[in-house]
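*Asks:* Provided herewith is a single structure, encoded as structure tokens, for subsequent inquiry.
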Amino acid sequence: IKEHKMKVHLTDISSFENMSLIQKYRSQKTPKQSSLSAETSHHYLSLSAEEIGNGKTEFKCMPPIRNLKNKRGLWDLMRAYEFNNVSSSHMPCSIGAKCLIGGKNRGNFVEAANGIMSLQFGLSIFWTECLKNNLNIHDLHRFMSRNPAQLCGLDSHKGKLKRGYDADFCIWDPDEEWTITKEEVLFKNKSCPYYNKTVKG
């Protein structure tokens with residue numbers, strides 16, 4: 001990073017302890033210093049290892065879901081704006097690939113595919129957790145709209161409600177409370193760790 005000017009973006013940061021290394025590189029000022037950005041994902045901010053029972057392979061992802069202490073550490077970093085953005089890391093898997101159907105491999109974490117379906121529910125999941133962790137709608141915009149547009153070099157026409165910008169709108173009620181069920185899933189693959197989770201938005 002110090003020798004070549006480049007943009008480095010780290011994805012799927014699942015452990016709050018990794019941030020100390022990222023902060024170390026960010027603080028090293030050199031003439032050719034590169035930019036170093038980082039993101040975490042919805043499932044690392046909303047799920048914890050303590051709620052994963054035996055055979056619950058719908059929770060399997062890489063890196064894995066970590067404990068509640070780690071989740072709290074990630075939210076400390078979110079409140080300090082150490083992460084640039086939050087992503088879905090959307091990777092839907094069939095119930096077969098997740099070893100969630102009958103047979104000797106049912107619930108086999110070794111054989112089950114990695115991946116969590118987060119795209120459809122990401123906004124509601126993240127907003128619900130923001131409310132629990134003292135972040136507001138401006139933070140939601142920062143992590144899910146403004147900063148991602150900037151990261152991708154699209155901030156001249158995306159990421160803001162402003163004259164001349166693309167009119168990417170959605171109708172959204174931040175106070176609506178609802179429960180995620182299998183019937184809500186719009187994807188072909190129905191493996192999901194969020195079933196029966198009550199969310200807002």
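Following the order of the structure tokens, first chain is A, next is B, and so on, with residues numbered from 1 inside each chain and ligands from 1 in the order they appear.
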Show me a table, sorted first by chain and then by increasing residue number, of the residues of region 98-148 of chain A having an atom at most 12 Å from region 31-52 of chain A, each with its shortest atom pair and the distance in Å to one decimal, counting only C-alpha atoms and written as CSV.

*Replies:*
residue,atom,partner,partner_atom,distance
A:Gly107,CA,A:Ile52,CA,11.5
A:Phe109,CA,A:Ile52,CA,11.4
A:Gly115,CA,A:His43,CA,10.3
A:Ile116,CA,A:His43,CA,7.8
A:Met117,CA,A:His43,CA,9.3
A:Ser118,CA,A:His42,CA,7.0
A:Leu119,CA,A:His42,CA,9.1
A:Gln120,CA,A:His42,CA,11.3
A:Phe121,CA,A:His42,CA,9.2
A:Gly122,CA,A:His42,CA,6.3
A:Leu123,CA,A:His42,CA,8.8
A:Ser124,CA,A:His42,CA,9.9
A:Ile125,CA,A:His42,CA,7.0
A:Phe126,CA,A:His42,CA,6.1
A:Trp127,CA,A:His42,CA,9.9
A:Thr128,CA,A:Ser46,CA,8.8
A:Glu129,CA,A:Ser46,CA,6.4
A:Cys130,CA,A:Leu45,CA,9.3
A:Leu131,CA,A:Ser46,CA,11.8
A:Lys132,CA,A:Ser46,CA,10.3
A:Asn133,CA,A:Leu45,CA,10.2
A:Phe143,CA,A:Glu39,CA,9.0
A:Met144,CA,A:Glu39,CA,10.6
A:Asn147,CA,A:Ser37,CA,10.3
A:Pro148,CA,A:Glu39,CA,9.7

*Asks:* Using N, CA, C and O atoms, can you write the selected residues to a file as a tab-separated table (two decimals), in the first residue's frame?

*Replies:*
chain	number	residue	atom	x	y	z
A	107	GLY	N	-27.92	-30.56	8.28
A	107	GLY	CA	-27.30	-29.82	9.38
A	107	GLY	C	-25.79	-29.98	9.46
A	107	GLY	O	-25.20	-29.63	10.48
A	109	PHE	N	-22.40	-28.71	8.99
A	109	PHE	CA	-21.74	-27.42	8.76
A	109	PHE	C	-20.51	-27.55	7.86
A	109	PHE	O	-20.13	-26.59	7.19
A	115	GLY	N	-22.89	-18.73	2.62
A	115	GLY	CA	-23.70	-17.68	2.00
A	115	GLY	C	-24.99	-17.40	2.73
A	115	GLY	O	-25.64	-18.32	3.24
A	116	ILE	N	-25.34	-16.12	2.79
A	116	ILE	CA	-26.57	-15.68	3.43
A	116	ILE	C	-27.32	-14.74	2.50
A	116	ILE	O	-26.72	-13.85	1.88
A	117	MET	N	-28.62	-14.96	2.39
A	117	MET	CA	-29.47	-14.10	1.57
A	117	MET	C	-29.81	-12.85	2.36
A	117	MET	O	-30.56	-12.92	3.34
A	118	SER	N	-29.24	-11.72	1.98
A	118	SER	CA	-29.45	-10.49	2.76
A	118	SER	C	-29.98	-9.31	1.94
A	118	SER	O	-30.37	-8.31	2.50
A	119	LEU	N	-29.96	-9.43	0.63
A	119	LEU	CA	-30.29	-8.27	-0.21
A	119	LEU	C	-31.71	-7.77	0.02
A	119	LEU	O	-31.94	-6.58	0.24
A	120	GLN	N	-32.68	-8.66	-0.01
A	120	GLN	CA	-34.08	-8.25	0.09
A	120	GLN	C	-34.40	-7.63	1.44
A	120	GLN	O	-35.18	-6.68	1.53
A	121	PHE	N	-33.79	-8.13	2.51
A	121	PHE	CA	-34.14	-7.69	3.85
A	121	PHE	C	-33.12	-6.74	4.47
A	121	PHE	O	-33.28	-6.30	5.60
A	122	GLY	N	-32.07	-6.42	3.73
A	122	GLY	CA	-30.96	-5.65	4.28
A	122	GLY	C	-31.36	-4.30	4.86
A	122	GLY	O	-30.92	-3.93	5.95
A	123	LEU	N	-32.19	-3.56	4.16
A	123	LEU	CA	-32.59	-2.23	4.63
A	123	LEU	C	-33.31	-2.33	5.98
A	123	LEU	O	-32.97	-1.61	6.93
A	124	SER	N	-34.26	-3.23	6.08
A	124	SER	CA	-35.03	-3.37	7.32
A	124	SER	C	-34.17	-3.92	8.45
A	124	SER	O	-34.27	-3.48	9.61
A	125	ILE	N	-33.34	-4.90	8.13
A	125	ILE	CA	-32.46	-5.49	9.15
A	125	ILE	C	-31.50	-4.44	9.71
A	125	ILE	O	-31.34	-4.28	10.92
A	126	PHE	N	-30.87	-3.70	8.81
A	126	PHE	CA	-29.89	-2.70	9.23
A	126	PHE	C	-30.57	-1.57	10.02
A	126	PHE	O	-30.07	-1.13	11.05
A	127	TRP	N	-31.72	-1.11	9.53
A	127	TRP	CA	-32.43	-0.04	10.21
A	127	TRP	C	-32.85	-0.46	11.61
A	127	TRP	O	-32.72	0.30	12.57
A	128	THR	N	-33.34	-1.68	11.76
A	128	THR	CA	-33.75	-2.20	13.07
A	128	THR	C	-32.57	-2.19	14.04
A	128	THR	O	-32.70	-1.78	15.20
A	129	GLU	N	-31.41	-2.62	13.56
A	129	GLU	CA	-30.22	-2.64	14.42
A	129	GLU	C	-29.70	-1.23	14.69
A	129	GLU	O	-29.17	-0.96	15.76
A	130	CYS	N	-29.85	-0.32	13.71
A	130	CYS	CA	-29.46	1.08	13.94
A	130	CYS	C	-30.25	1.66	15.12
A	130	CYS	O	-29.67	2.34	15.98
A	131	LEU	N	-31.54	1.39	15.16
A	131	LEU	CA	-32.39	1.91	16.23
A	131	LEU	C	-31.96	1.38	17.59
A	131	LEU	O	-32.05	2.08	18.60
A	132	LYS	N	-31.48	0.14	17.62
A	132	LYS	CA	-31.03	-0.46	18.88
A	132	LYS	C	-29.67	0.08	19.31
A	132	LYS	O	-29.29	-0.02	20.47
A	133	ASN	N	-28.93	0.66	18.35
A	133	ASN	CA	-27.55	1.05	18.62
A	133	ASN	C	-27.29	2.55	18.43
A	133	ASN	O	-26.17	2.97	18.15
A	143	PHE	N	-24.26	5.06	5.33
A	143	PHE	CA	-23.69	3.73	5.14
A	143	PHE	C	-24.27	2.96	3.95
A	143	PHE	O	-23.60	2.08	3.40
A	144	MET	N	-25.51	3.27	3.56
A	144	MET	CA	-26.15	2.47	2.51
A	144	MET	C	-26.39	3.22	1.21
A	144	MET	O	-26.80	2.61	0.22
A	147	ASN	N	-22.06	6.86	0.97
A	147	ASN	CA	-20.71	6.31	0.91
A	147	ASN	C	-20.52	5.24	-0.16
A	147	ASN	O	-19.48	5.22	-0.84
A	148	PRO	N	-21.49	4.33	-0.36
A	148	PRO	CA	-21.32	3.38	-1.46
A	148	PRO	C	-21.22	4.06	-2.83
A	148	PRO	O	-20.43	3.64	-3.68

*Asks:* Quick one: residues within 12 Å of Pro92 (chain A), only C-alpha atoms, excluding same-chain residues fewer than 4 positions away - as a tab-separated table (two decimals) with N, CA and C atoms, in the first residue's frame?

*Replies:*
chain	number	residue	atom	x	y	z
A	58	GLU	N	-28.27	-22.62	7.87
A	58	GLU	CA	-28.67	-21.40	7.16
A	58	GLU	C	-27.86	-20.20	7.62
A	59	PHE	N	-27.18	-20.31	8.77
A	59	PHE	CA	-26.35	-19.24	9.30
A	59	PHE	C	-24.90	-19.31	8.79
A	60	LYS	N	-24.56	-20.35	8.05
A	60	LYS	CA	-23.16	-20.52	7.66
A	60	LYS	C	-22.75	-19.51	6.60
A	61	CYS	N	-21.67	-18.81	6.86
A	61	CYS	CA	-21.10	-17.87	5.91
A	61	CYS	C	-19.59	-17.80	6.16
A	88	SER	N	-24.78	-6.05	1.66
A	88	SER	CA	-25.58	-7.26	1.88
A	88	SER	C	-24.71	-8.51	1.85
A	96	GLY	N	-30.91	-27.37	-0.37
A	96	GLY	CA	-30.07	-28.55	-0.57
A	96	GLY	C	-28.61	-28.24	-0.36
A	97	ALA	N	-28.15	-27.14	-0.96
A	97	ALA	CA	-26.75	-26.74	-0.80
A	97	ALA	C	-26.42	-26.40	0.65
A	98	LYS	N	-27.44	-25.96	1.37
A	98	LYS	CA	-27.27	-25.61	2.78
A	98	LYS	C	-27.43	-26.82	3.71
A	113	ALA	N	-23.01	-25.18	2.09
A	113	ALA	CA	-22.44	-24.06	1.33
A	113	ALA	C	-22.41	-22.80	2.19
A	114	ASN	N	-21.45	-21.92	1.89
A	114	ASN	CA	-21.38	-20.61	2.53
A	114	ASN	C	-22.36	-19.66	1.85
A	115	GLY	N	-22.89	-18.73	2.62
A	115	GLY	CA	-23.70	-17.68	2.00
A	115	GLY	C	-24.99	-17.40	2.73
A	116	ILE	N	-25.34	-16.12	2.79
A	116	ILE	CA	-26.57	-15.68	3.43
A	116	ILE	C	-27.32	-14.74	2.50
A	117	MET	N	-28.62	-14.96	2.39
A	117	MET	CA	-29.47	-14.10	1.57
A	117	MET	C	-29.81	-12.85	2.36
A	118	SER	N	-29.24	-11.72	1.98
A	118	SER	CA	-29.45	-10.49	2.76
A	118	SER	C	-29.98	-9.31	1.94
A	119	LEU	N	-29.96	-9.43	0.63
A	119	LEU	CA	-30.29	-8.27	-0.21
A	119	LEU	C	-31.71	-7.77	0.02
A	120	GLN	N	-32.68	-8.66	-0.01
A	120	GLN	CA	-34.08	-8.25	0.09
A	120	GLN	C	-34.40	-7.63	1.44
A	185	VAL	N	-40.18	-14.09	0.98
A	185	VAL	CA	-38.96	-14.21	0.18
A	185	VAL	C	-39.28	-14.15	-1.31
A	186	LEU	N	-38.63	-13.26	-2.03
A	186	LEU	CA	-38.85	-13.10	-3.46
A	186	LEU	C	-37.85	-13.90	-4.29
A	187	PHE	N	-36.85	-14.48	-3.65
A	187	PHE	CA	-35.84	-15.24	-4.36
A	187	PHE	C	-36.24	-16.70	-4.51
A	188	LYS	N	-35.70	-17.35	-5.53
A	188	LYS	CA	-35.97	-18.77	-5.76
A	188	LYS	C	-35.48	-19.62	-4.60
A	189	ASN	N	-34.28	-19.31	-4.10
A	189	ASN	CA	-33.72	-20.07	-2.99
A	189	ASN	C	-34.24	-19.51	-1.66
A	190	LYS	N	-34.74	-20.38	-0.82
A	190	LYS	CA	-35.45	-19.96	0.39
A	190	LYS	C	-34.65	-20.11	1.67
A	191	SER	N	-33.39	-20.50	1.59
A	191	SER	CA	-32.58	-20.63	2.80
A	191	SER	C	-32.31	-19.24	3.38
A	192	CYS	N	-32.67	-19.02	4.64
A	192	CYS	CA	-32.55	-17.68	5.22
A	192	CYS	C	-32.47	-17.76	6.74
A	193	PRO	N	-31.52	-17.09	7.37
A	193	PRO	CA	-31.41	-17.12	8.83
A	193	PRO	C	-32.29	-16.11	9.54

*Asks:* Between A:Pro63, A:Gly73, A:Pro174, A:Gly102, which is the closest to Asn136 (chain A) once you count only C-alpha atoms?

*Replies:*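 Closest candidate: A:Pro174.
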
*Asks:* Provide the CA of Thr11 (chain A) to CA of Asn85 (chain A) distance in Å, to one decimal place.

*Replies:*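 Going from CA of Thr11 (chain A) over to CA of Asn85 (chain A), I get 9.5 Å.
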
*Asks:* Looking at A:Glu82, A:Asp139, A:Asp12, A:Asp76, which one is nearest to Arg26 (chain A), with distances taken over only C-alpha atoms?

*Replies:* A:Glu82

*Asks:* As an exercise, work out the distance from CA of Leu154 (chain A) to CA of Ser87 (chain A) in Å and give it to one decimal place.

*Replies:*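 CA of Leu154 (chain A) sits 16.3 Å away from CA of Ser87 (chain A).
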
*Asks:* Using DSSP on the backbone, list every residue of region 39-72 of chain A that comes out as alpha helix (DSSP H), and give them as number ranges by chain.

*Replies:* A: 42-46, 68-72

*Asks:* Restrict the selected residues to N, CA, C and O atoms and save them as a tab-separated table (two decimals), in the first residue's frame.

*Replies:*
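Saved file again_4.tsv follows:
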chain	number	residue	atom	x	y	z
A	42	HIS	N	-24.61	-6.91	6.77
A	42	HIS	CA	-25.81	-6.91	7.60
A	42	HIS	C	-25.80	-8.05	8.62
A	42	HIS	O	-26.16	-7.86	9.79
A	43	HIS	N	-25.40	-9.24	8.18
A	43	HIS	CA	-25.50	-10.39	9.08
A	43	HIS	C	-24.52	-10.32	10.24
A	43	HIS	O	-24.80	-10.82	11.33
A	44	TYR	N	-23.37	-9.68	10.06
A	44	TYR	CA	-22.43	-9.54	11.17
A	44	TYR	C	-22.92	-8.54	12.21
A	44	TYR	O	-22.54	-8.59	13.38
A	45	LEU	N	-23.77	-7.62	11.77
A	45	LEU	CA	-24.30	-6.59	12.67
A	45	LEU	C	-25.62	-7.00	13.32
A	45	LEU	O	-26.06	-6.35	14.28
A	46	SER	N	-26.24	-8.05	12.83
A	46	SER	CA	-27.56	-8.42	13.33
A	46	SER	C	-27.64	-9.81	13.96
A	46	SER	O	-28.57	-10.09	14.72
A	68	LEU	N	-21.67	-12.45	20.58
A	68	LEU	CA	-22.35	-11.19	20.90
A	68	LEU	C	-21.37	-10.08	21.25
A	68	LEU	O	-21.56	-8.92	20.88
A	69	LYS	N	-20.30	-10.42	21.95
A	69	LYS	CA	-19.28	-9.42	22.29
A	69	LYS	C	-18.70	-8.82	21.02
A	69	LYS	O	-18.49	-7.60	20.92
A	70	ASN	N	-18.46	-9.65	20.03
A	70	ASN	CA	-17.92	-9.17	18.76
A	70	ASN	C	-18.93	-8.26	18.05
A	70	ASN	O	-18.56	-7.22	17.50
A	71	LYS	N	-20.20	-8.66	18.06
A	71	LYS	CA	-21.24	-7.83	17.42
A	71	LYS	C	-21.28	-6.45	18.06
A	71	LYS	O	-21.37	-5.43	17.36
A	72	ARG	N	-21.19	-6.40	19.39
A	72	ARG	CA	-21.18	-5.11	20.08
A	72	ARG	C	-19.96	-4.29	19.69
A	72	ARG	O	-20.04	-3.06	19.55
